[in-house]
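my_file-v6.tsv follows; it contains TSV, C-alpha atoms and all ligand atoms.
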```tsv
chain	number	residue	atom	x	y	z
A	1167	PRO	CA	0.00	0.00	0.00
A	1168	GLN	CA	1.09	3.57	-0.71
A	1169	PRO	CA	0.91	6.35	1.87
A	1170	ASN	CA	-2.20	8.41	1.33
A	1171	PRO	CA	-1.20	11.12	-1.13
A	1172	LEU	CA	-4.38	13.10	-0.59
A	1173	THR	CA	-3.71	14.06	2.96
A	1174	PRO	CA	-1.65	17.18	3.52
A	1175	LEU	CA	1.56	16.71	5.51
A	1176	GLY	CA	1.75	13.06	4.43
A	1177	SER	CA	-0.27	11.15	6.97
A	1178	GLU	CA	0.92	7.81	8.22
A	1179	TYR	CA	-2.30	6.26	6.99
A	1180	GLN	CA	-1.74	3.15	4.89
A	1181	PHE	CA	-4.28	1.92	2.37
A	1182	SER	CA	-5.59	-1.61	2.88
A	1183	LYS	CA	-4.26	-4.45	0.79
A	1184	GLN	CA	-6.69	-6.36	-1.41
A	1185	PHE	CA	-7.18	-10.06	-2.10
A	1186	LEU	CA	-7.14	-10.60	-5.88
A	1187	PRO	CA	-6.54	-13.65	-8.10
A	1188	THR	CA	-2.97	-13.95	-9.45
A	1189	ARG	CA	-4.17	-13.35	-13.01
A	1190	PHE	CA	-4.65	-9.71	-12.00
A	1191	LYS	CA	-0.85	-9.32	-11.98
A	1192	LYS	CA	-0.87	-9.17	-15.76
A	1193	TYR	CA	-3.17	-6.14	-15.73
A	1194	MET	CA	-2.12	-4.22	-12.64
A	1195	GLU	CA	0.65	-2.24	-14.28
A	1196	GLN	CA	-1.71	-0.99	-16.98
A	1197	ILE	CA	-4.25	-0.11	-14.33
A	1198	GLU	CA	-1.70	1.62	-12.13
A	1199	ASN	CA	-0.57	3.77	-15.07
A	1200	PHE	CA	-4.04	4.36	-16.51
A	1201	GLN	CA	-4.37	8.02	-17.53
A	1202	VAL	CA	-6.98	9.76	-15.46
A	1203	ARG	CA	-8.83	12.89	-16.65
A	1204	PRO	CA	-10.09	15.66	-14.37
A	1205	ASP	CA	-13.63	15.36	-15.71
A	1206	ASP	CA	-13.82	11.59	-15.20
A	1207	VAL	CA	-16.44	10.41	-12.75
A	1208	TRP	CA	-15.48	7.27	-10.85
A	1209	SER	CA	-17.80	4.89	-9.06
A	1210	VAL	CA	-15.80	2.90	-6.56
A	1211	THR	CA	-17.47	0.22	-4.47
A	1212	PHE	CA	-16.99	-3.22	-3.04
A	1213	ALA	CA	-19.02	-5.82	-4.96
A	1214	LYS	CA	-22.73	-5.93	-4.06
A	1215	ALA	CA	-22.75	-2.57	-2.28
A	1216	GLY	CA	-25.21	-1.07	-4.78
A	1217	SER	CA	-22.70	-0.29	-7.52
A	1218	THR	CA	-25.11	-0.74	-10.43
A	1219	TRP	CA	-27.86	1.26	-8.76
A	1220	SER	CA	-25.59	4.19	-7.96
A	1221	GLN	CA	-23.89	4.06	-11.38
A	1222	GLU	CA	-27.22	4.50	-13.17
A	1223	MET	CA	-28.01	7.45	-10.89
A	1224	ILE	CA	-24.59	9.02	-11.43
A	1225	TRP	CA	-24.60	8.56	-15.19
A	1226	LEU	CA	-28.04	10.11	-15.62
A	1227	LEU	CA	-27.28	13.03	-13.31
A	1228	ASN	CA	-24.11	13.72	-15.24
A	1229	ASN	CA	-25.81	13.37	-18.65
A	1230	ASN	CA	-28.66	15.87	-18.37
A	1231	LEU	CA	-31.05	13.06	-17.42
A	1232	ASN	CA	-30.87	11.68	-20.93
A	1233	PHE	CA	-33.18	8.69	-20.36
A	1234	GLU	CA	-33.39	8.03	-24.10
A	1235	LYS	CA	-29.63	7.53	-24.38
A	1236	ALA	CA	-29.61	5.41	-21.22
A	1237	LYS	CA	-32.28	3.18	-22.74
A	1238	LYS	CA	-30.24	2.63	-25.89
A	1239	ARG	CA	-26.87	1.63	-24.43
A	1240	SER	CA	-26.08	-0.79	-21.66
A	1241	LEU	CA	-24.72	0.59	-18.41
A	1242	GLN	CA	-21.62	-1.58	-18.88
A	1243	ASP	CA	-21.00	0.30	-22.13
A	1244	ARG	CA	-21.67	3.73	-20.73
A	1245	PHE	CA	-19.83	3.13	-17.49
A	1246	PRO	CA	-17.11	0.51	-18.08
A	1247	TYR	CA	-15.66	-1.59	-15.30
A	1248	LEU	CA	-11.96	-0.80	-15.22
A	1249	GLU	CA	-10.61	-4.20	-14.17
A	1250	PHE	CA	-13.16	-6.30	-16.04
A	1251	ASP	CA	-10.54	-7.73	-18.44
A	1252	ALA	CA	-8.78	-9.27	-15.46
A	1253	CYS	CA	-12.01	-10.46	-13.84
A	1254	ALA	CA	-13.32	-12.25	-16.89
A	1255	GLU	CA	-10.25	-13.13	-18.92
A	1256	LEU	CA	-12.08	-15.68	-21.04
A	1257	MET	CA	-14.33	-13.02	-22.45
A	1258	ASN	CA	-11.36	-11.13	-23.94
A	1259	SER	CA	-13.26	-7.90	-23.41
A	1260	LYS	CA	-10.48	-5.30	-23.98
A	1261	LEU	CA	-12.44	-2.89	-21.82
A	1262	LEU	CA	-9.34	-1.25	-20.44
A	1263	LYS	CA	-8.30	-0.24	-23.95
A	1264	LYS	CA	-11.80	0.98	-24.65
A	1265	ALA	CA	-11.86	3.03	-21.45
A	1266	LYS	CA	-8.58	4.68	-22.44
A	1267	HIS	CA	-10.12	6.02	-25.63
A	1268	MET	CA	-13.60	6.91	-24.47
A	1269	PRO	CA	-14.65	10.50	-25.09
A	1270	SER	CA	-14.93	12.76	-22.04
A	1271	PRO	CA	-16.57	12.93	-19.65
A	1272	ARG	CA	-15.87	9.29	-18.90
A	1273	HIS	CA	-17.71	7.29	-16.27
A	1274	LEU	CA	-15.59	4.50	-14.81
A	1275	LYS	CA	-16.43	1.79	-12.33
A	1276	SER	CA	-13.95	-0.03	-10.13
A	1277	HIS	CA	-14.01	-2.49	-7.26
A	1278	LEU	CA	-10.33	-1.97	-6.56
A	1279	SER	CA	-9.32	-0.73	-3.15
A	1280	ALA	CA	-7.99	2.82	-2.84
A	1281	GLY	CA	-4.36	1.70	-2.89
A	1282	LEU	CA	-4.75	-0.17	-6.19
A	1283	LEU	CA	-6.53	2.50	-8.20
A	1284	PRO	CA	-4.53	4.26	-10.95
A	1285	LYS	CA	-1.86	6.50	-9.41
A	1286	GLN	CA	-3.19	9.56	-11.20
A	1287	VAL	CA	-6.48	9.31	-9.32
A	1288	TRP	CA	-4.66	10.95	-6.41
A	1289	THR	CA	-3.06	13.77	-8.39
A	1290	VAL	CA	-5.65	14.52	-11.08
A	1291	LYS	CA	-8.46	14.14	-8.49
A	1292	PRO	CA	-11.49	13.20	-10.59
A	1293	LYS	CA	-14.83	12.99	-8.79
A	1294	ILE	CA	-15.19	9.67	-6.95
A	1295	ILE	CA	-18.47	8.39	-5.54
A	1296	TYR	CA	-18.10	5.58	-3.04
A	1297	VAL	CA	-21.01	3.45	-1.81
A	1298	ALA	CA	-20.80	1.35	1.36
A	1299	ARG	CA	-23.41	-1.21	2.47
A	1300	GLY	CA	-24.28	-3.10	5.64
A	1301	VAL	CA	-21.91	-6.07	5.88
A	1302	LYS	CA	-24.44	-8.88	6.36
A	1303	ASP	CA	-26.68	-7.88	3.44
A	1304	LEU	CA	-23.60	-7.43	1.29
A	1305	ALA	CA	-22.20	-10.82	2.28
A	1306	ILE	CA	-25.43	-12.65	1.49
A	1307	SER	CA	-25.82	-10.78	-1.79
A	1308	TYR	CA	-22.21	-11.66	-2.62
A	1309	TYR	CA	-22.84	-15.34	-1.83
A	1310	HIS	CA	-25.65	-15.40	-4.40
A	1311	HIS	CA	-23.43	-13.58	-6.88
A	1312	TYR	CA	-20.71	-16.19	-6.31
A	1313	VAL	CA	-23.20	-18.99	-6.95
A	1314	HIS	CA	-24.95	-17.55	-9.96
A	1315	MET	CA	-22.27	-15.54	-11.69
A	1316	GLN	CA	-19.07	-17.25	-10.67
A	1317	GLY	CA	-20.05	-20.89	-10.51
A	1318	TYR	CA	-19.38	-21.28	-6.77
A	1319	LYS	CA	-20.44	-24.77	-5.70
A	1320	GLY	CA	-19.67	-24.58	-1.98
A	1321	THR	CA	-22.05	-23.99	0.89
A	1322	MET	CA	-23.25	-20.62	2.16
A	1323	GLU	CA	-21.66	-21.40	5.49
A	1324	ASP	CA	-18.23	-21.91	3.91
A	1325	PHE	CA	-18.62	-18.72	1.93
A	1326	LEU	CA	-19.50	-16.73	5.05
A	1327	GLU	CA	-16.53	-18.22	6.92
A	1328	ALA	CA	-14.28	-17.15	4.06
A	1329	PHE	CA	-15.85	-13.68	4.18
A	1330	LEU	CA	-15.06	-13.43	7.90
A	1331	GLU	CA	-11.49	-14.49	7.17
A	1332	ASP	CA	-11.12	-11.87	4.40
A	1333	LYS	CA	-10.49	-14.60	1.87
A	1334	ILE	CA	-13.09	-13.80	-0.74
A	1335	PHE	CA	-12.38	-11.97	-4.01
A	1336	LEU	CA	-11.76	-8.22	-3.30
A	1337	ALA	CA	-11.46	-8.67	0.50
A	1338	PRO	CA	-11.12	-7.19	3.02
A	1339	TYR	CA	-14.51	-5.49	2.89
A	1340	HIS	CA	-13.92	-3.50	6.08
A	1341	GLY	CA	-10.58	-2.17	4.82
A	1342	HIS	CA	-12.12	-1.22	1.46
A	1343	VAL	CA	-14.72	0.93	3.19
A	1344	LYS	CA	-12.27	2.24	5.77
A	1345	ASP	CA	-10.00	3.79	3.12
A	1346	PHE	CA	-12.85	5.75	1.55
A	1347	HIS	CA	-14.32	6.61	4.91
A	1348	PHE	CA	-10.94	8.13	5.67
A	1349	LEU	CA	-11.11	10.10	2.40
A	1350	ARG	CA	-14.78	11.06	2.79
A	1351	ASN	CA	-14.14	14.76	3.42
A	1352	GLU	CA	-11.92	15.23	0.37
A	1353	GLU	CA	-13.48	17.69	-2.03
A	1354	ASN	CA	-13.53	15.16	-4.88
A	1355	VAL	CA	-14.99	12.29	-2.84
A	1356	LEU	CA	-18.65	11.62	-2.07
A	1357	PHE	CA	-19.24	8.82	0.44
A	1358	ILE	CA	-22.77	7.39	0.53
A	1359	THR	CA	-24.42	4.21	1.76
A	1360	TYR	CA	-26.85	1.73	0.24
A	1361	GLU	CA	-29.00	2.21	3.34
A	1362	GLU	CA	-29.25	5.97	2.72
A	1363	MET	CA	-30.32	5.24	-0.85
A	1364	LYS	CA	-32.99	2.85	0.37
A	1365	THR	CA	-34.35	5.13	3.08
A	1366	ASP	CA	-34.27	8.43	1.20
A	1367	LEU	CA	-33.29	8.03	-2.42
A	1368	MET	CA	-34.31	11.59	-3.29
A	1369	ALA	CA	-31.95	13.00	-0.67
A	1370	VAL	CA	-29.07	10.96	-2.13
A	1371	ILE	CA	-30.02	12.00	-5.67
A	1372	LYS	CA	-29.93	15.67	-4.64
A	1373	LYS	CA	-26.67	15.28	-2.74
A	1374	THR	CA	-25.07	13.56	-5.72
A	1375	ALA	CA	-26.38	16.19	-8.16
A	1376	THR	CA	-24.84	18.94	-6.02
A	1377	PHE	CA	-21.57	17.02	-5.83
A	1378	LEU	CA	-21.54	16.74	-9.64
A	1379	GLY	CA	-22.38	20.44	-9.97
A	1380	LYS	CA	-25.77	19.75	-11.60
A	1381	CYS	CA	-29.11	21.37	-10.99
A	1382	TYR	CA	-32.49	19.91	-12.05
A	1383	SER	CA	-36.12	20.70	-11.35
A	1384	ASP	CA	-37.95	18.67	-8.71
A	1385	GLU	CA	-40.13	17.27	-11.47
A	1386	ASP	CA	-37.11	15.96	-13.39
A	1387	LEU	CA	-35.57	14.51	-10.25
A	1388	LYS	CA	-38.84	12.72	-9.55
A	1389	LYS	CA	-38.54	11.03	-12.97
A	1390	LEU	CA	-35.06	9.90	-12.06
A	1391	GLU	CA	-36.29	8.56	-8.73
A	1392	GLU	CA	-38.91	6.50	-10.56
A	1393	HIS	CA	-36.34	5.25	-13.07
A	1394	LEU	CA	-34.19	4.04	-10.15
A	1395	THR	CA	-36.81	2.05	-8.24
A	1396	PHE	CA	-35.99	-1.62	-7.69
A	1397	ASP	CA	-38.72	-2.84	-10.05
A	1398	ALA	CA	-37.76	-0.39	-12.79
A	1399	MET	CA	-34.10	-1.40	-12.53
A	1400	LYS	CA	-34.99	-5.08	-12.44
A	1401	ASN	CA	-36.97	-4.76	-15.66
A	1402	ASN	CA	-34.47	-2.52	-17.40
A	1403	LYS	CA	-32.37	-4.68	-19.74
A	1404	LYS	CA	-29.74	-1.99	-20.06
A	1405	VAL	CA	-28.83	-2.26	-16.38
A	1406	ASN	CA	-30.00	-5.68	-15.18
A	1407	PHE	CA	-27.06	-7.67	-16.62
A	1408	SER	CA	-29.36	-9.99	-18.60
A	1409	LYS	CA	-27.11	-9.66	-21.65
A	1410	TYR	CA	-24.04	-10.24	-19.52
A	1411	LEU	CA	-25.58	-13.39	-18.06
A	1412	GLY	CA	-25.95	-14.61	-21.62
A	1413	TYR	CA	-22.21	-14.09	-22.16
A	1414	ILE	CA	-21.41	-16.02	-19.02
A	1415	LYS	CA	-23.45	-18.87	-20.39
A	1416	MET	CA	-21.43	-18.77	-23.59
A	1417	TYR	CA	-17.99	-18.50	-22.07
A	1418	THR	CA	-18.22	-20.57	-18.91
A	1419	ARG	CA	-19.98	-23.58	-17.60
A	1420	VAL	CA	-21.89	-21.80	-14.88
A	1421	THR	CA	-24.96	-23.92	-15.14
A	1422	ARG	CA	-26.61	-22.80	-11.92
A	1423	ALA	CA	-27.03	-19.30	-13.30
A	1424	PHE	CA	-29.60	-20.70	-15.65
A	1425	SER	CA	-31.63	-22.99	-13.47
A	1426	LYS	CA	-35.24	-22.57	-14.48
A	1427	ASN	CA	-38.19	-22.07	-12.23
A	1428	ALA	CA	-41.56	-23.76	-12.71
A	1429	ASN	CA	-42.53	-21.28	-15.47
A	1430	GLY	CA	-39.42	-22.10	-17.42
A	1431	LYS	CA	-38.00	-18.65	-16.69
A	1432	GLU	CA	-34.56	-17.95	-15.30
A	1433	SER	CA	-34.94	-18.09	-11.55
A	1434	TRP	CA	-32.21	-15.67	-10.66
A	1435	SER	CA	-31.96	-11.99	-11.25
A	1436	PHE	CA	-29.03	-9.65	-10.60
A	1437	MET	CA	-31.58	-7.35	-8.93
A	1438	ARG	CA	-32.32	-10.01	-6.37
A	1439	LYS	CA	-34.06	-8.64	-3.26
A	1440	GLY	CA	-32.99	-5.00	-3.04
A	1441	LYS	CA	-33.74	-4.67	0.66
A	1442	ILE	CA	-32.16	-3.67	3.92
A	1443	GLY	CA	-32.05	-6.64	6.28
A	1444	SER	CA	-32.89	-9.47	3.84
A	1445	TYR	CA	-29.88	-11.33	5.29
A	1446	LYS	CA	-32.24	-12.32	8.14
A	1447	GLU	CA	-34.01	-14.72	5.80
A	1448	GLU	CA	-30.86	-16.75	5.32
A	1449	MET	CA	-28.12	-16.05	7.82
A	1450	PRO	CA	-28.14	-18.28	10.90
A	1451	PRO	CA	-28.41	-16.35	14.22
A	1452	GLU	CA	-24.99	-17.48	15.38
A	1453	MET	CA	-23.45	-16.16	12.16
A	1454	ILE	CA	-25.31	-12.85	12.55
A	1455	GLU	CA	-23.75	-12.45	15.95
A	1456	ARG	CA	-20.28	-13.21	14.65
A	1457	PHE	CA	-20.64	-10.73	11.78
A	1458	ASP	CA	-21.94	-8.03	14.14
A	1459	ASN	CA	-19.15	-8.54	16.67
A	1460	TRP	CA	-16.60	-8.51	13.88
A	1461	THR	CA	-17.81	-5.20	12.40
A	1462	THR	CA	-18.47	-3.55	15.76
A	1463	GLU	CA	-14.94	-4.34	16.83
A	1464	PHE	CA	-13.55	-3.02	13.53
A	1465	ASN	CA	-15.55	0.21	13.84
A	1466	ARG	CA	-14.43	0.67	17.43
A	1467	LYS	CA	-10.77	0.25	16.54
A	1468	ASN	CA	-10.83	2.35	13.38
A	1469	GLY	CA	-13.39	5.06	14.08
A	1470	THR	CA	-15.45	3.96	11.08
A	1471	PHE	CA	-19.24	3.66	10.86
A	1472	ILE	CA	-19.54	0.65	8.61
A	1473	PRO	CA	-23.20	-0.39	8.74
A	1474	LEU	CA	-23.69	-3.76	10.46
B	1	LIG	P1	-29.39	-7.94	-3.26
B	1	LIG	O1	-28.61	-9.11	-3.79
B	1	LIG	O2	-29.34	-7.85	-1.76
B	1	LIG	O3	-30.77	-7.87	-3.78
B	1	LIG	P2	-24.01	-4.40	-7.08
B	1	LIG	O4	-24.60	-3.63	-8.20
B	1	LIG	O5	-22.96	-3.62	-6.32
B	1	LIG	O6	-23.53	-5.75	-7.48
B	1	LIG	O7	-25.15	-4.60	-6.00
B	1	LIG	C1	-26.22	-5.47	-6.23
B	1	LIG	C2	-27.22	-5.31	-5.12
B	1	LIG	O8	-27.89	-4.04	-5.27
B	1	LIG	C3	-28.28	-6.39	-5.15
B	1	LIG	O9	-28.64	-6.60	-3.78
B	1	LIG	C4	-29.38	-5.66	-5.94
B	1	LIG	O10	-30.66	-6.21	-5.79
B	1	LIG	C5	-29.29	-4.28	-5.32
B	1	LIG	N1	-29.96	-3.27	-6.15
B	1	LIG	C6	-29.77	-2.99	-7.45
B	1	LIG	N2	-30.63	-2.04	-7.87
B	1	LIG	C7	-31.38	-1.71	-6.80
B	1	LIG	C8	-32.47	-0.80	-6.60
B	1	LIG	N3	-32.94	-0.04	-7.58
B	1	LIG	N4	-33.00	-0.72	-5.36
B	1	LIG	C9	-32.53	-1.49	-4.35
B	1	LIG	N5	-31.51	-2.37	-4.48
B	1	LIG	C10	-30.95	-2.48	-5.69
```

Rewrite the coordinates I just gave you, this time as structure tokens.
Ligand code: A3P
Amino acid sequence: PQPNPLTPLGSEYQFSKQFLPTRFKKYMEQIENFQVRPDDVWSVTFAKAGSTWSQEMIWLLNNNLNFEKAKKRSLQDRFPYLEFDACAELMNSKLLKKAKHMPSPRHLKSHLSAGLLPKQVWTVKPKIIYVARGVKDLAISYYHHYVHMQGYKGTMEDFLEAFLEDKIFLAPYHGHVKDFHFLRNEENVLFITYEEMKTDLMAVIKKTATFLGKCYSDEDLKKLEEHLTFDAMKNNKKVNFSKYLGYIKMYTRVTRAFSKNANGKESWSFMRKGKIGSYKEEMPPEMIERFDNWTTEFNRKNGTFIPL
């Protein structure tokens, strides 16, 4: 990890390390030296924190609420995922190259931890919007993602144990949030939570618009709020990853992603539950207690407010 270059007087703060597959090594130099532009807008999140939801909000706010354009192009196209080439090597996506040549203003998504983002992020200082989410909901959502999008065949219990040991892809979750919580008062950083979006989406929309330097009428913002509801997102093919799931089917043998329900329809959707507290339906009480103790202890030691 590098020392935090954003803090005046060179703080002793060290960014967290991140658990990534070895194949990432091939791409990390390109990512580290990726040229950042001042008018880029970055969405940085841990997986399952509400990345897709916030990206659609950010993109529309920064594109004059151009719903027509958003309906024509997939979010993955409009808002490429910086390290996708490394995540899904088989798909040979060349997204990094594409991102390099995209016209400004670019919208870029990353799940990398602060210390692994391109170096220029800290000198050029593009706008960065970070979304954190309650750990237990995120972990359960991530388990389902592992099963349906990554072909995980293990048990939920084993997955949750690995989560607690910081041994899942992108871990540690706490450290990922901690770094951006530390940076939350930087002028170019907006730190929000999934829970805030769920409880008062309009307030988050307005806060994000102000952060992006945009001003819209209440009527227009209401349209955006409707566009961002769970059901609207779930039914919106340009954001719900249905096309991407098709690619997974082509390039991998992730059969569980396509298990059919009684109506012959795919039984899993990327927009799965979209709730606060849905972990209660699946996480055993003893595991809930362990997760809560783990996060409470982390928050106490680090002065963070990571939602339980
Ligand atoms: P669940 O699996 O708990 O339902 P990401 O985009 O970072 O992978 O996050 C995915 C999570 O965000 C999923 O959580 C998904 O349902 C939720 N999500 C996506 N759009 C949403 C919306 N409009 N409202 C609420 N939750 C949403």

**Study point:** Shortest interatomic distance to Leu1261 (chain A) - which of A:Gln1196, A:Asn1232, A:Gln1184, A:Asn1459, counting all atoms listed in the file
**Key:**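 Distance minimum relative to Leu1261 (chain A) lands on A:Gln1196.
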
**Study point:** Protein and nucleic acid residues within 9 Å of ligand LIG 1 (chain B) (only C-alpha atoms and all ligand atoms) as a ChimeraX atom specification
**Key:** /A:1211-1221,1297,1303-1311,1360,1363-1364,1393-1400,1405-1406,1435-1445

Include C-alpha atoms and write out the residues we just selected as a PDB file, in the coordinates of the input.
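What follows is the written file selection-v3.pdb:
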```pdb
ATOM      1  CA  THR A1211     -17.470   0.220  -4.470  1.00  0.00           C
ATOM      2  CA  PHE A1212     -16.990  -3.220  -3.040  1.00  0.00           C
ATOM      3  CA  ALA A1213     -19.020  -5.820  -4.960  1.00  0.00           C
ATOM      4  CA  LYS A1214     -22.730  -5.930  -4.060  1.00  0.00           C
ATOM      5  CA  ALA A1215     -22.750  -2.570  -2.280  1.00  0.00           C
ATOM      6  CA  GLY A1216     -25.210  -1.070  -4.780  1.00  0.00           C
ATOM      7  CA  SER A1217     -22.700  -0.290  -7.520  1.00  0.00           C
ATOM      8  CA  THR A1218     -25.110  -0.740 -10.430  1.00  0.00           C
ATOM      9  CA  TRP A1219     -27.860   1.260  -8.760  1.00  0.00           C
ATOM     10  CA  SER A1220     -25.590   4.190  -7.960  1.00  0.00           C
ATOM     11  CA  GLN A1221     -23.890   4.060 -11.380  1.00  0.00           C
ATOM     12  CA  VAL A1297     -21.010   3.450  -1.810  1.00  0.00           C
ATOM     13  CA  ASP A1303     -26.680  -7.880   3.440  1.00  0.00           C
ATOM     14  CA  LEU A1304     -23.600  -7.430   1.290  1.00  0.00           C
ATOM     15  CA  ALA A1305     -22.200 -10.820   2.280  1.00  0.00           C
ATOM     16  CA  ILE A1306     -25.430 -12.650   1.490  1.00  0.00           C
ATOM     17  CA  SER A1307     -25.820 -10.780  -1.790  1.00  0.00           C
ATOM     18  CA  TYR A1308     -22.210 -11.660  -2.620  1.00  0.00           C
ATOM     19  CA  TYR A1309     -22.840 -15.340  -1.830  1.00  0.00           C
ATOM     20  CA  HIS A1310     -25.650 -15.400  -4.400  1.00  0.00           C
ATOM     21  CA  HIS A1311     -23.430 -13.580  -6.880  1.00  0.00           C
ATOM     22  CA  TYR A1360     -26.850   1.730   0.240  1.00  0.00           C
ATOM     23  CA  MET A1363     -30.320   5.240  -0.850  1.00  0.00           C
ATOM     24  CA  LYS A1364     -32.990   2.850   0.370  1.00  0.00           C
ATOM     25  CA  HIS A1393     -36.340   5.250 -13.070  1.00  0.00           C
ATOM     26  CA  LEU A1394     -34.190   4.040 -10.150  1.00  0.00           C
ATOM     27  CA  THR A1395     -36.810   2.050  -8.240  1.00  0.00           C
ATOM     28  CA  PHE A1396     -35.990  -1.620  -7.690  1.00  0.00           C
ATOM     29  CA  ASP A1397     -38.720  -2.840 -10.050  1.00  0.00           C
ATOM     30  CA  ALA A1398     -37.760  -0.390 -12.790  1.00  0.00           C
ATOM     31  CA  MET A1399     -34.100  -1.400 -12.530  1.00  0.00           C
ATOM     32  CA  LYS A1400     -34.990  -5.080 -12.440  1.00  0.00           C
ATOM     33  CA  VAL A1405     -28.830  -2.260 -16.380  1.00  0.00           C
ATOM     34  CA  ASN A1406     -30.000  -5.680 -15.180  1.00  0.00           C
ATOM     35  CA  SER A1435     -31.960 -11.990 -11.250  1.00  0.00           C
ATOM     36  CA  PHE A1436     -29.030  -9.650 -10.600  1.00  0.00           C
ATOM     37  CA  MET A1437     -31.580  -7.350  -8.930  1.00  0.00           C
ATOM     38  CA  ARG A1438     -32.320 -10.010  -6.370  1.00  0.00           C
ATOM     39  CA  LYS A1439     -34.060  -8.640  -3.260  1.00  0.00           C
ATOM     40  CA  GLY A1440     -32.990  -5.000  -3.040  1.00  0.00           C
ATOM     41  CA  LYS A1441     -33.740  -4.670   0.660  1.00  0.00           C
ATOM     42  CA  ILE A1442     -32.160  -3.670   3.920  1.00  0.00           C
ATOM     43  CA  GLY A1443     -32.050  -6.640   6.280  1.00  0.00           C
ATOM     44  CA  SER A1444     -32.890  -9.470   3.840  1.00  0.00           C
ATOM     45  CA  TYR A1445     -29.880 -11.330   5.290  1.00  0.00           C
TER      46      TYR A1445
END
```

**Study point:** Minimum-distance residue to Gly1469 (chain A), chosen among A:Lys1344, A:Leu1231, A:Phe1357, A:Leu1274 (using all atoms listed in the file)
**Key:**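 For Gly1469 (chain A), the nearest of the given residues is A:Lys1344.
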
Review point. When distances are computed from only C-alpha atoms, which of A:Glu1352, A:Glu1249, A:Glu1447, A:Glu1392 shows the smallest separation from Met1368 (chain A)?
Key: A:Glu1392

Check your understanding: Closest to Arg1272 (chain A) among A:Asp1243, A:Asp1251, A:Glu1331, A:Glu1391, using only C-alpha atoms?
Key ->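 The answer is A:Asp1243, which sits nearest to Arg1272 (chain A).
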
Check your understanding: Can you tell me how far CA of Lys1264 (chain A) sits from CA of Ala1337 (chain A), in Å to one decimal?
Key ->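 Distance between the two atoms: 26.9 Å.
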
**Study point:** Residues within 10 Å of Lys1235 (chain A), all atoms listed in the file, excluding chain neighbours under 5 positions, as a ChimeraX atom specification
**Key:** /A:1226,1229,1240,1244

Review point. Restricting the calculation to only C-alpha atoms, which member of A:Asn1199, A:Ser1276, A:Asn1228, A:Asn1465 is positioned closest to Ile1371 (chain A)?
Key: A:Asn1228

Exercise for review: Select, from A:Phe1464, A:Phe1346, A:Trp1434, A:Tyr1339, the residue with the minimum atom-to-atom distance to Phe1181 (chain A), counting only C-alpha atoms.
Suggested key: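 Of the candidates, the smallest distance to Phe1181 (chain A) is held by A:Phe1346.
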
Shell of 9 Å around Cys1253 (chain A), all atoms listed in the file, local chain residues under 4 positions omitted, as a compact mmCIF listing (two decimals) with C-alpha atoms, in the coordinates of the input:
```txt
# COMPACT_ATOMS: atom_id res chain seq x y z
CA PRO A 1187 -6.54 -13.65 -8.10
CA ARG A 1189 -4.17 -13.35 -13.01
CA PHE A 1190 -4.65 -9.71 -12.00
CA GLU A 1249 -10.61 -4.20 -14.17
```

Exercise for review: Identify the residues within 7 Å of coordinate (-16.2, 1.1, -16.6) (same frame as the file), considering all atoms listed in the file, and give the answer as a list in words.
Suggested key: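 The distance filter leaves exactly Gln1242, Phe1245, Pro1246, Tyr1247, Leu1248, Ala1265, His1273, Leu1274, Lys1275 and Ser1276 of chain A.
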
Practice item. Quick one: everything within 12 Å of Glu1323 (chain A), counting all atoms listed in the file, minus sequence neighbours fewer than 2 positions away in the same chain. Send it as a list in words. Key: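 Near neighbours after the sequence-gap exclusion: Ala1305, Ile1306, Tyr1309, Lys1319, Gly1320, Thr1321, Phe1325, Leu1326, Glu1327, Ala1328, Phe1329, Leu1330, Glu1448, Met1449, Pro1450, Glu1452, Met1453 and Ile1454 of chain A.
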
Review point. So what do you get for CA of Val1355 (chain A) versus CA of Leu1336 (chain A), distance-wise?
Key: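 Computing the Euclidean distance for CA of Val1355 (chain A) and CA of Leu1336 (chain A) yields 20.8 Å.
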
Exercise for review: In Å, rounded to a single decimal, give me how far CA of His1340 (chain A) is from CA of Lys1291 (chain A).
Suggested key: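 A separation of 23.5 Å between them.
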
Since the input is missing atoms for region 1463-1469 of chain A, could you rebuild it with N, CA and C atoms and give the result as a compact mmCIF listing (two decimals), in the coordinates of the input?
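Result file selection12.txt:
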```txt
# COMPACT_ATOMS: atom_id res chain seq x y z
N GLU A 1463 -16.31 -4.42 16.35
CA GLU A 1463 -14.94 -4.34 16.83
C GLU A 1463 -14.08 -3.53 15.83
N PHE A 1464 -14.31 -3.77 14.56
CA PHE A 1464 -13.55 -3.02 13.53
C PHE A 1464 -13.87 -1.53 13.63
N ASN A 1465 -15.15 -1.20 13.74
CA ASN A 1465 -15.55 0.21 13.84
C ASN A 1465 -14.94 0.86 15.07
N ARG A 1466 -14.96 0.11 16.17
CA ARG A 1466 -14.43 0.67 17.43
C ARG A 1466 -12.94 0.99 17.28
N LYS A 1467 -12.22 0.06 16.67
CA LYS A 1467 -10.77 0.25 16.54
C LYS A 1467 -10.40 1.34 15.53
N ASN A 1468 -11.23 1.50 14.50
CA ASN A 1468 -10.83 2.35 13.38
C ASN A 1468 -11.63 3.64 13.26
N GLY A 1469 -12.59 3.83 14.14
CA GLY A 1469 -13.39 5.06 14.08
C GLY A 1469 -14.27 5.13 12.84
```
